[in-house]
Every structure is written in structure tokens, then in C-alpha cells.
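What follows is a single structure, written as C-alpha cells, with notes after it.
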Amino acid sequence: METTLFYIAAAVSLTSTIVVITRTNASHALIYLIVSLLSIAVIFYLLGAPFAAALEVVIYAGAIMVLFLFVVMMLNLGQSSVAQERQWLDPKAWIGPGLLTFVLLLELSYLIFGSPIDTSGQPVSPKQVGIALYGPYLLAVELASILLLAALVGAYHLGRRYLRARREEFET
């Protein structure tokens with residue numbers, strides 16, 4: 001049964017990732033990317049790594065994707081904000097991610113309440129994760145943080161330039 005659940009989560013991940021690549025609307029692509037990251041978390045859980053699954057949800061699907069979504073919404077390029085907000089509220093835009101997430105919810109409910117997954121039996125403490133992240137992987141963690149900071153600063157400057165151009169457009 002775990003093999004079947006693995007393939008279902010993998011299919012959801014592949015489907016949502018392909019949709020991410022083919023979307024022209026950046027907000028819709030980010031929502032599908034969140035679904036893809038959630039399905040990767042289910043795969044981690046199926047492989048016996050519940051702590052890695054929790055980190056996947058909290059760090060990637062939670063914090064980083066919300067940051068990306070705010071940056072895309074902050075830039076708001078190409079459309080008026082009222083028309084874009086109406087488009088985001090269109091139920092058709094939420095059917096795909098909603099169905100894929102519902103499949104993952106059913107799968108996770110079965111895993112949690114139906115048959116428990118056998119983990120390695122060794123509990124992992126947050127202290128061990130911190131030692132691992134800031135020990136041998138310190139350079140990777142710092143590079144990722146610098147990359148995210150650079151993306152945030154770049155988005156700010158792009159947004160500022162866009163707002164300045166819009167302001168000059170209205171003044172003339």
C-alpha cells in the first residue's frame with residue numbers, strides 16, 4: 001500500500017511541477033509550486049523521514065513560498081490591481097491546486113490514522129538538525145540565505161523602478 005501511496009504522491013508532484021512550468025501567471029505557478037512541495041513532503045513522510053517532511057512544509061511550502069508570493073504580488077506587473085485580484089478570486093483558478101491538495105490530504109489522512117509508517121526508530125532532535133545545518137552544511141545555508149536576500153532586494157528595486165515609471169506616467 002505504501003508503494004501505491006508513493007506513486008500517487010509522485011504523480012501529484014510531477015503534475016503540479018509541469019503545471020508550474022507551463023503557467024503564464026506567476027501567482028498561479030507559485031500556488032502549484034506549493035502543491036508540489038507539499039507532495040514532496042508526503043514522499044519524505046512515506047520514506048520514513050517525518051522530520052524532513054515537517055521541515056519541507058514549514059520552510060519551503062510555508063516561509064519561502066509565501067515570500068515569493070508576496071514579491072510577485074508586490075511587483076504586480078502588467079495588469080491593474082483590481083482586475084488581477086478578481087482573476088485570483090476566480091474559482092476556476094483554484095480547482096486544479098485544490099484537487100491535487102485534496103488527494104494529498106486523503107493520502108496523509110490515511111497514513112496518519114490508517115497505517116503508521118515505520119521510521120528508523122531514532123528520534124531526531126532540533127539540536128541535531130541545528131548541528132548538522134550549521135556544521136558541515138554551514139556554507140550551503142549561508143549561500144541560500146544570501147540568495148534569498150539578493151532576490152528580495154532585487155524585487156524591491158524592480159518594484160521601486162516600476163512605481164517610479166508609473167508615477168512619471170501619471171504626471172505627464
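Letters A, B, ... mark the chains of the C-alpha cells in the order given; residue numbers begin at 1 per chain; ligand numbers begin at 1, in order shown.
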**Report entry** DSSP alpha helix (DSSP H) residues within chain A, as number ranges by chain
**Finding:** A: 2-22, 26-46, 50-55, 65-75, 81-88, 92-109, 126-133, 138-171
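Note that the spacing between atom CA of A:Ile31 and atom CA of A:Phe51 amounts to 23.3 Å.
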Query raised in the report: Which value, in Å to one decimal, gives the distance between atom CA of A:Ala61 and atom CA of A:Ser36?
Result: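 Separating atom CA of A:Ala61 from atom CA of A:Ser36 is a distance of 8.7 Å.
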Query raised in the report: Using only C-alpha atoms, which of A:Ala151, A:Leu108, A:Leu46, A:Ala63 sits nearest A:Phe6?
Result: A:Leu46
Query raised in the report: Near A:Ala53, within 12 Å and counting only C-alpha atoms, which residues show up once chain neighbours fewer than 2 positions away are dropped, as a list in words?
Result: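 So the residues in contact are Leu37, Leu38, Ser39, Ile40, Ala41, Val42, Ile43, Phe44, Tyr45, Leu46, Leu47, Gly48, Ala49, Pro50, Phe51, Leu55, Glu56, Val57, Val58, Ile59, Tyr60, Ala61 and Leu108 of chain A.
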Query raised in the report: Neighbours of stretch 88-105 of chain A within 10 Å (only C-alpha atoms; same-chain residues fewer than 5 positions away dropped), as a list of chain:residue names?
Result: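 Here the qualifying residues turn out to be A:Leu5, A:Ile8, A:Ala9, A:Ala11, A:Val12, A:Ser13, A:Thr15, A:Ser16, A:Val19, A:Ser27, A:His28, A:Ala29, A:Ile31, A:Tyr32, A:Leu33, A:Ile34, A:Val35, A:Ser36, A:Leu38, A:Ser39, A:Ala41, A:Val42, A:Val82, A:Ala83, A:Tyr110, A:Leu111.
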Just write the chosen residues, C-alpha atoms, as a PDB file, in the first residue's frame.
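part.pdb was written with the following content:
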ATOM      1  CA  LEU A   5       0.725   5.991  -1.982  1.00  0.00           C
ATOM      2  CA  ILE A   8       0.192   8.827  -6.091  1.00  0.00           C
ATOM      3  CA  ALA A   9       2.275  11.490  -4.315  1.00  0.00           C
ATOM      4  CA  ALA A  11       2.159  11.753  -9.744  1.00  0.00           C
ATOM      5  CA  VAL A  12       0.760  14.777  -7.894  1.00  0.00           C
ATOM      6  CA  SER A  13       4.271  16.207  -7.645  1.00  0.00           C
ATOM      7  CA  THR A  15       1.650  17.041 -12.439  1.00  0.00           C
ATOM      8  CA  SER A  16       1.867  20.170 -10.336  1.00  0.00           C
ATOM      9  CA  VAL A  19       1.802  22.972 -14.477  1.00  0.00           C
ATOM     10  CA  SER A  27       0.783  33.698  -8.909  1.00  0.00           C
ATOM     11  CA  HIS A  28      -0.875  30.547 -10.265  1.00  0.00           C
ATOM     12  CA  ALA A  29       2.523  28.974 -10.871  1.00  0.00           C
ATOM     13  CA  ILE A  31       0.356  28.077  -5.939  1.00  0.00           C
ATOM     14  CA  TYR A  32       1.067  24.931  -7.961  1.00  0.00           C
ATOM     15  CA  LEU A  33       4.665  25.003  -6.710  1.00  0.00           C
ATOM     16  CA  ILE A  34       3.349  24.966  -3.146  1.00  0.00           C
ATOM     17  CA  VAL A  35       1.302  21.867  -4.031  1.00  0.00           C
ATOM     18  CA  SER A  36       4.421  20.282  -5.497  1.00  0.00           C
ATOM     19  CA  LEU A  38       3.605  19.545  -0.187  1.00  0.00           C
ATOM     20  CA  SER A  39       3.660  16.354  -2.239  1.00  0.00           C
ATOM     21  CA  ALA A  41       6.774  16.372   1.985  1.00  0.00           C
ATOM     22  CA  VAL A  42       4.360  13.427   1.717  1.00  0.00           C
ATOM     23  CA  VAL A  82      -8.444  45.324  -9.352  1.00  0.00           C
ATOM     24  CA  ALA A  83      -8.566  43.117 -12.454  1.00  0.00           C
ATOM     25  CA  TYR A 110      -4.700   7.509   5.607  1.00  0.00           C
ATOM     26  CA  LEU A 111      -1.062   7.499   6.642  1.00  0.00           C
TER      27      LEU A 111
END
Query raised in the report: So how far away is atom CA of A:Ala54 from atom CA of A:Pro126, in Å?
Result: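 Spanning atom CA of A:Pro126 to atom CA of A:Ala54 is a straight-line distance of 11.8 Å.
Among the candidates A:Leu14, A:Phe170, A:Lys127, A:Leu148, the one nearest to A:Met65 when counting only C-alpha atoms is A:Leu148.
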Report task. Mind checking which residues fall within 12 Å of A:Leu149, counting only C-alpha atoms, ignoring those fewer than 6 positions away in the same chain, and posting them as a count of residues only? Result -> 8
